[in-house]
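> To start, I am sharing the structure in question, which I have written as structure tokens.
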Number of protein chains: 2
Amino acid sequence: MMPPLVPRWPAWLFCWRAACIQGASVRQRMWVGPSRIPGLGGPRGAWGTSPLAPRGSCLASSRAPEVTLTPERYPVRRLPFSVVSEDDLAALEQVVPGRVITDPEELEAPNLDWLRTVRGSSKVLLRPRTTQEVAHILRYCHERNLAVNPQGGNTGMVGGSTPVFDEIILSTALMNQVLSFHDVSGVLVCQAGCVLEALSQYVEERGFIMPLDLGAKGSCHIGGNVATNAGGLRFLRYGSLRGTVLGLEVVLADGAVLNCLTSLRKDNTGYDLKQLFIGSEGTLGVITAVSILCPPKPSAVNVAFLGCPGFAEVLQTFRTCRAMLGEILSAFEFMDAECMKLVRLHLGLSCPVQESPFYVLIETAGSGPGHDAEKLGCFLEQVLDSGLVTDGTLGSDERRIKMLWALRERITEALSRDGYVYKYDLSLPLDRLYDLVGDLRARLGPSAKHVVGYGHLGDGNLHLNVTAETFSASLLGALEPYVYEWTAGQRGSVSAEHGLGFKKKDVLGYSKPPEALQLMRQLKALLDPKGILNPYKMLPTHA
Amino acid sequence: MMPPLVPRWPAWLFCWRAACIQGASVRQRMWVGPSRIPGLGGPRGAWGTSPLAPRGSCLASSRAPEVTLTPERYPVRRLPFSVVSEDDLAALEQVVPGRVITDPEELEAPNLDWLRTVRGSSKVLLRPRTTQEVAHILRYCHERNLAVNPQGGNTGMVGGSTPVFDEIILSTALMNQVLSFHDVSGVLVCQAGCVLEALSQYVEERGFIMPLDLGAKGSCHIGGNVATNAGGLRFLRYGSLRGTVLGLEVVLADGAVLNCLTSLRKDNTGYDLKQLFIGSEGTLGVITAVSILCPPKPSAVNVAFLGCPGFAEVLQTFRTCRAMLGEILSAFEFMDAECMKLVRLHLGLSCPVQESPFYVLIETAGSGPGHDAEKLGCFLEQVLDSGLVTDGTLGSDERRIKMLWALRERITEALSRDGYVYKYDLSLPLDRLYDLVGDLRARLGPSAKHVVGYGHLGDGNLHLNVTAETFSASLLGALEPYVYEWTAGQRGSVSAEHGLGFKKKDVLGYSKPPEALQLMRQLKALLDPKGILNPYKMLPTHA
């Protein structure tokens, strides 16, 4: 057993100080060939620790005003689960001695989501250390008909990780052991409560990287990442967790342990049961350990931050980029001018290139610094010459890479400081990806403060956000179901990577047919017949 | 609707003529730097049509001696399904007019697997063209309690695609339409009966490649590939079908159509139902259409065929290769000297390098021919200088690449010509990958004709084959359960990529715990309560 990986920040609180980006700007026409590109070909280790601490943002604090209880804001009724009794507490104390938390103050943070939009009233939080403890807890809760809310870093966007009523919170925070790492295959096996950033550091010291990276990495747990099928910033290059997760250990609703914690790259013996639990948001079982394939750490990482005159040029830049950068392309992100305005206004970040209607962040990661620089140089020359890009700047050292990334990653934080935020996370066909943003600006007029679009363009994933001074039912009515119907009309997804949780569960039908909903309900009934696991989440309230 | 993609060979018969490889051999110490490497930097299009026709091999022919019926060779009893009546035939004729095949001669091939090890006695084969026809057929069969054997190209290794008794054969052969292709995203949507090689040609003409490639590509159907979660030769680079398949349309046992045929890269709305059907070998539903993400076609492909003095050197070559070739590595295959002996003996192929205990085939695929050649050159210099490799030859033009690949791909064919073949497809930890081969040689002594090891080393996948003049129960007894127990002892998989089908279903327990088997049975009961879909396959006979 290796030493535990302890998160460096409380799970529910991840703040950082604003950092102003002031980097060299390379104006249009300055790139004429690879030889003129400054700073390309970064040193080994460019994907190390961020000087800005974790990517993410902070809204919650222990001194913030109280958030309305979920059942008072949303139409939801408590299901007939048992209520935790003194006898239950005594029995659970036997299972996890000294780790049954009932102090109301300690329970404040885990009852609240980090966006401060939902709040439960759980009276008990349990901190198991082992799979067997989780199994004992679930066996007990199943017998007693007690509802359970599994919780990792509690960094979700859709209220999936906080209780709705008084569900027992089952925290994976103390399940933070690396169980094994193989330095040839890159297979990492660890407990579910390991913090993503701690794992990243662990494998980077051994010449590998985690196949996923998220803004919340300083707090989120790998078990939660898998349970929500987290996407993030490396999806374009390393694909979905459905491909990189090799095995899982899961405790089922009745406490049975399902050990599919294989480290094999290939295994076609029977149905791939782990897939049931990836992305099931804790409603089918509690993930207790994860086996995941880590790619080798690239020896060269470069980031280009570019300004584009229109969305058509953004798309054309993406096409050119894919063709010319090929296998070294590791991210293609975009943000509009409104996003840049907000990160400047609320976080004091400055735009590193001349003002443009759109900005693109391109990351390359490869094994040959010189080759990568040459490919990137040719690409940049091409997009500047053709007018697809009007201005740009480059980063290849760790600090500058992180600073350029911050412009894209801290948009969520800037939005939250702008007022009440209506958040949508959509998958759309590339050529229609931005249309909805313009539609909404026209539709909402001055009733919205800002309508912004940004996201993982390379994956067809738009983050559409609308801000207003305060919550308004009429603005919500203008947004929904319009946004969902528009997305359904394009055969898109109403939740690309955030999942459904509590807040989006009733819009599932916009992206899935009735036959799929029926089968999902059947699977839930099969695996959790009493419905004790993360109730009120994921599946729509009504049939 | 685009024109159908018709297979160029009958689905059950894929032969080719032996081709002798006579290429330039580059001896040890001849590579001293990139500039001396001949032929690197292949032209765009190197992954085009093979001069050798499809990769695969041929054993079946319409004139071959009769194969024993499966129930006469294996201990299996017919389940109480209905027997097809004249009324049934008339009813099915209404559903697929003119496409209800009952001619015994036409039924010979689809009743027999291509390895000629299992043979069913189906009296009916149906050839639907549309999803609705499949739905009608299954609705009818479900009501009538008629068992159904879905069949694609019938190229499986484990008897999963042929009937065991008199199951109705539901062939996807006429469901061969490309439904759409998006030339920016590379998303292909097609019917399940499209032949893999036809799809490859289709997308290659548009600047993309299929994310999978198999020896059987000239005959296998994409629906069958997905149903068996086929691995193959591009797995190392593009990963599992669980990541590259974006959507599926599936007809369930009762005829309900489950349309999850999305083309989205990301979609976290509810449980990912398509994963249930990937790798379920037709036991949970019939896949009727597939949406799959195709990677851009690399502009440069190179193949190096190398001789290694021992297995330790093979492993070290792999490590070096991963570090130095990084993102351009697209395949790392190995074969032992016995394999080379058999392809020479039975197929007349000649070894292109000096004789060695082991051979390695490395393929690179990238977007910069010059860069790739330079990386490969540095790598080859390193492995030759360090003595990991003693001899090697290169190919970068299409014909030579195919010829080098044939040495590896035609091993199966050579083995089959060597006598009766006991086949094992194992996932093992890399450092123990070849140990079992030596163990078995010692254990079996002269009772085996040849014991050979080869496979997808980069994926930890060993193909272990033992040949003998004829089938022998005592040799089988010496092999099984020894091979499975040995594999289980290493926490390996007893079926890495071939699946379980009929022949391997009873060894599932060596790689999965009882809790997993129980859940698999529950899923089968949920999705196919009457058990009509591909019965006698995948799940063990006894609890």
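Residue names in the structure tokens use chain letters A, B, ... in the order shown, residue numbers from 1 in each chain, and ligand numbers from 1 in the order shown.
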Taking 3 positions as the minimum chain separation for residues in the same chain, which residues sit within 12 Å of A:Pro163 when counting only C-alpha atoms? Answer as a PyMOL selection string.
chain A and resi 69-71+78+107-113+118-125+147-151+154+159-160+166-171+501-502+532-537
> Within 6 Å of chain B, which residues belong to chain A? Use only C-alpha atoms and report them as a list in words.
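Taken together, these residues fit the definition: Arg242, Gly243, Leu258, Arg265, Lys266, Asp267, Asn268, Thr269, Tyr271, Ser280, Gly326, Ser367, Asp459, Ser493, Ser495, Ala496, Glu497, Gly499, Leu508 and Glu515 of chain A.
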> Mind pulling up the distance from atom CA of B:Gly255 to atom CA of B:His136?
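Atom-to-atom, atom CA of B:His136 to atom CA of B:Gly255, that is 6.3 Å.
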> Determine which residues of stretch 163-238 of chain B DSSP labels as alpha helix (DSSP H) from the backbone of this structure, then write them out as a list in words.
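Here is the list: Leu196, Glu197, Ala198, Leu199, Ser200, Gln201, Tyr202, Val203, Glu204, Ile222, Gly223, Gly224, Asn225, Val226, Ala227, Phe235, Leu236, Arg237 and Tyr238 of chain B.
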> Would you list the contacts of B:Leu146 as a PyMOL selection string, taking every protein, DNA or RNA residue within 10 Å and counting only C-alpha atoms, but skipping same-chain residues closer than 2 positions in sequence?
chain B and resi 80-84+88+138+140-144+148+166-168+530-533
> Pull the strand (DSSP E) assignments for stretch 141-269 of chain A out of DSSP run on the backbone, and list those residues as a PDB file with N, CA, C and O atoms, in the first residue's frame.

ATOM      1  N   VAL A 148     -28.779   6.979   0.326  1.00  0.00           N
ATOM      2  CA  VAL A 148     -27.345   7.287   0.399  1.00  0.00           C
ATOM      3  C   VAL A 148     -26.938   8.196  -0.759  1.00  0.00           C
ATOM      4  O   VAL A 148     -27.294   7.930  -1.909  1.00  0.00           O
ATOM      5  N   ASN A 149     -26.201   9.237  -0.443  1.00  0.00           N
ATOM      6  CA  ASN A 149     -25.677  10.150  -1.457  1.00  0.00           C
ATOM      7  C   ASN A 149     -24.158  10.001  -1.528  1.00  0.00           C
ATOM      8  O   ASN A 149     -23.444  10.533  -0.687  1.00  0.00           O
ATOM      9  N   PRO A 150     -23.642   9.270  -2.526  1.00  0.00           N
ATOM     10  CA  PRO A 150     -22.182   9.165  -2.640  1.00  0.00           C
ATOM     11  C   PRO A 150     -21.603  10.532  -3.005  1.00  0.00           C
ATOM     12  O   PRO A 150     -22.194  11.261  -3.798  1.00  0.00           O
ATOM     13  N   GLN A 151     -20.490  10.873  -2.407  1.00  0.00           N
ATOM     14  CA  GLN A 151     -19.899  12.192  -2.681  1.00  0.00           C
ATOM     15  C   GLN A 151     -18.379  12.116  -2.811  1.00  0.00           C
ATOM     16  O   GLN A 151     -17.706  11.567  -1.943  1.00  0.00           O
ATOM     17  N   ILE A 168     -27.990  10.042   3.640  1.00  0.00           N
ATOM     18  CA  ILE A 168     -26.680   9.889   4.273  1.00  0.00           C
ATOM     19  C   ILE A 168     -25.603  10.200   3.232  1.00  0.00           C
ATOM     20  O   ILE A 168     -25.642   9.677   2.115  1.00  0.00           O
ATOM     21  N   ILE A 169     -24.662  11.052   3.579  1.00  0.00           N
ATOM     22  CA  ILE A 169     -23.570  11.352   2.642  1.00  0.00           C
ATOM     23  C   ILE A 169     -22.437  10.355   2.866  1.00  0.00           C
ATOM     24  O   ILE A 169     -21.935  10.208   3.980  1.00  0.00           O
ATOM     25  N   LEU A 170     -22.113   9.672   1.787  1.00  0.00           N
ATOM     26  CA  LEU A 170     -21.027   8.685   1.836  1.00  0.00           C
ATOM     27  C   LEU A 170     -19.836   9.302   1.112  1.00  0.00           C
ATOM     28  O   LEU A 170     -19.789   9.337  -0.117  1.00  0.00           O
ATOM     29  N   SER A 171     -18.884   9.805   1.881  1.00  0.00           N
ATOM     30  CA  SER A 171     -17.756  10.540   1.291  1.00  0.00           C
ATOM     31  C   SER A 171     -16.598   9.592   0.976  1.00  0.00           C
ATOM     32  O   SER A 171     -16.247   8.728   1.772  1.00  0.00           O
ATOM     33  N   VAL A 178      -3.103   5.204  -3.539  1.00  0.00           N
ATOM     34  CA  VAL A 178      -2.706   4.588  -4.811  1.00  0.00           C
ATOM     35  C   VAL A 178      -2.425   3.120  -4.516  1.00  0.00           C
ATOM     36  O   VAL A 178      -1.664   2.799  -3.597  1.00  0.00           O
ATOM     37  N   LEU A 179      -3.057   2.234  -5.248  1.00  0.00           N
ATOM     38  CA  LEU A 179      -2.887   0.801  -4.976  1.00  0.00           C
ATOM     39  C   LEU A 179      -1.734   0.211  -5.775  1.00  0.00           C
ATOM     40  O   LEU A 179      -1.025  -0.665  -5.296  1.00  0.00           O
ATOM     41  N   SER A 180      -1.554   0.674  -7.011  1.00  0.00           N
ATOM     42  CA  SER A 180      -0.399   0.221  -7.790  1.00  0.00           C
ATOM     43  C   SER A 180      -0.213   1.131  -8.997  1.00  0.00           C
ATOM     44  O   SER A 180      -1.143   1.806  -9.443  1.00  0.00           O
ATOM     45  N   PHE A 181       1.016   1.154  -9.491  1.00  0.00           N
ATOM     46  CA  PHE A 181       1.285   1.854 -10.746  1.00  0.00           C
ATOM     47  C   PHE A 181       2.344   1.061 -11.492  1.00  0.00           C
ATOM     48  O   PHE A 181       3.359   0.664 -10.908  1.00  0.00           O
ATOM     49  N   VAL A 187      -0.430   1.797 -16.270  1.00  0.00           N
ATOM     50  CA  VAL A 187      -1.720   1.517 -15.635  1.00  0.00           C
ATOM     51  C   VAL A 187      -1.657   1.892 -14.146  1.00  0.00           C
ATOM     52  O   VAL A 187      -0.833   1.381 -13.396  1.00  0.00           O
ATOM     53  N   LEU A 188      -2.545   2.790 -13.771  1.00  0.00           N
ATOM     54  CA  LEU A 188      -2.669   3.251 -12.387  1.00  0.00           C
ATOM     55  C   LEU A 188      -3.904   2.614 -11.770  1.00  0.00           C
ATOM     56  O   LEU A 188      -4.983   2.640 -12.365  1.00  0.00           O
ATOM     57  N   VAL A 189      -3.742   2.032 -10.584  1.00  0.00           N
ATOM     58  CA  VAL A 189      -4.890   1.513  -9.847  1.00  0.00           C
ATOM     59  C   VAL A 189      -4.941   2.254  -8.515  1.00  0.00           C
ATOM     60  O   VAL A 189      -3.941   2.304  -7.793  1.00  0.00           O
ATOM     61  N   CYS A 190      -6.072   2.844  -8.219  1.00  0.00           N
ATOM     62  CA  CYS A 190      -6.161   3.663  -7.006  1.00  0.00           C
ATOM     63  C   CYS A 190      -7.563   3.632  -6.436  1.00  0.00           C
ATOM     64  O   CYS A 190      -8.512   3.246  -7.112  1.00  0.00           O
ATOM     65  N   GLN A 191      -7.663   4.067  -5.195  1.00  0.00           N
ATOM     66  CA  GLN A 191      -8.972   4.189  -4.580  1.00  0.00           C
ATOM     67  C   GLN A 191      -9.735   5.370  -5.182  1.00  0.00           C
ATOM     68  O   GLN A 191      -9.135   6.291  -5.741  1.00  0.00           O
ATOM     69  N   VAL A 245     -10.564   3.982 -18.889  1.00  0.00           N
ATOM     70  CA  VAL A 245     -10.759   3.237 -17.643  1.00  0.00           C
ATOM     71  C   VAL A 245     -10.725   1.742 -17.971  1.00  0.00           C
ATOM     72  O   VAL A 245     -11.501   1.263 -18.796  1.00  0.00           O
ATOM     73  N   LEU A 246      -9.795   1.031 -17.354  1.00  0.00           N
ATOM     74  CA  LEU A 246      -9.638  -0.396 -17.659  1.00  0.00           C
ATOM     75  C   LEU A 246     -10.440  -1.280 -16.713  1.00  0.00           C
ATOM     76  O   LEU A 246     -10.833  -2.384 -17.071  1.00  0.00           O
ATOM     77  N   GLY A 247     -10.646  -0.818 -15.511  1.00  0.00           N
ATOM     78  CA  GLY A 247     -11.369  -1.645 -14.556  1.00  0.00           C
ATOM     79  C   GLY A 247     -11.922  -0.815 -13.421  1.00  0.00           C
ATOM     80  O   GLY A 247     -11.452   0.294 -13.153  1.00  0.00           O
ATOM     81  N   LEU A 248     -12.940  -1.344 -12.783  1.00  0.00           N
ATOM     82  CA  LEU A 248     -13.553  -0.682 -11.632  1.00  0.00           C
ATOM     83  C   LEU A 248     -13.864  -1.701 -10.549  1.00  0.00           C
ATOM     84  O   LEU A 248     -14.159  -2.867 -10.843  1.00  0.00           O
ATOM     85  N   GLU A 249     -13.818  -1.230  -9.326  1.00  0.00           N
ATOM     86  CA  GLU A 249     -14.398  -1.973  -8.219  1.00  0.00           C
ATOM     87  C   GLU A 249     -15.592  -1.150  -7.758  1.00  0.00           C
ATOM     88  O   GLU A 249     -15.469   0.063  -7.559  1.00  0.00           O
ATOM     89  N   VAL A 250     -16.718  -1.809  -7.616  1.00  0.00           N
ATOM     90  CA  VAL A 250     -17.964  -1.103  -7.320  1.00  0.00           C
ATOM     91  C   VAL A 250     -18.689  -1.841  -6.201  1.00  0.00           C
ATOM     92  O   VAL A 250     -18.738  -3.079  -6.202  1.00  0.00           O
ATOM     93  N   VAL A 251     -19.256  -1.099  -5.267  1.00  0.00           N
ATOM     94  CA  VAL A 251     -20.134  -1.714  -4.279  1.00  0.00           C
ATOM     95  C   VAL A 251     -21.572  -1.463  -4.716  1.00  0.00           C
ATOM     96  O   VAL A 251     -21.957  -0.316  -4.985  1.00  0.00           O
ATOM     97  N   VAL A 257     -19.869  -6.634  -3.367  1.00  0.00           N
ATOM     98  CA  VAL A 257     -18.720  -6.010  -4.019  1.00  0.00           C
ATOM     99  C   VAL A 257     -18.546  -6.629  -5.408  1.00  0.00           C
ATOM    100  O   VAL A 257     -18.429  -7.848  -5.544  1.00  0.00           O
ATOM    101  N   LEU A 258     -18.537  -5.795  -6.413  1.00  0.00           N
ATOM    102  CA  LEU A 258     -18.312  -6.251  -7.779  1.00  0.00           C
ATOM    103  C   LEU A 258     -16.885  -5.872  -8.145  1.00  0.00           C
ATOM    104  O   LEU A 258     -16.582  -4.702  -8.382  1.00  0.00           O
ATOM    105  N   ASN A 259     -16.019  -6.860  -8.163  1.00  0.00           N
ATOM    106  CA  ASN A 259     -14.607  -6.594  -8.419  1.00  0.00           C
ATOM    107  C   ASN A 259     -14.267  -6.822  -9.887  1.00  0.00           C
ATOM    108  O   ASN A 259     -14.025  -7.951 -10.314  1.00  0.00           O
ATOM    109  N   CYS A 260     -14.276  -5.761 -10.644  1.00  0.00           N
ATOM    110  CA  CYS A 260     -13.857  -5.818 -12.055  1.00  0.00           C
ATOM    111  C   CYS A 260     -12.650  -4.896 -12.212  1.00  0.00           C
ATOM    112  O   CYS A 260     -12.529  -4.157 -13.180  1.00  0.00           O
TER     113      CYS A 260
END
> Can you tell me, as a PyMOL selection string, what residues are no more than 10 Å from A:Leu126 when counting only C-alpha atoms, ignoring any on the same chain fewer than 3 positions away?
chain A and resi 92-93+95-102+129+133-134+137+150-151+168-174
> How many Å separate atom CA of A:Glu106 from atom CA of A:Arg127?
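Answer for the atom CA of A:Glu106 to atom CA of A:Arg127 separation: 12.5 Å.
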> Report the distance between atom CA of B:Asp528 and atom CA of B:Gly285 in Å, rounded to one decimal place.
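Calculated distance between atom CA of B:Asp528 and atom CA of B:Gly285 is 7.9 Å.
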> Have a look at A:Val286, A:Thr155, A:Leu347, A:Ser356 and name the one nearest to A:Pro309; count only C-alpha atoms.
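Distance minimum relative to A:Pro309 lands on A:Ser356.
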> Measuring atom to atom with only C-alpha atoms, identify which of A:Ala406, A:Leu115, A:Val389, A:Ala525 is nearest to A:Gln354.
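Selected residue with least distance to A:Gln354: A:Val389.
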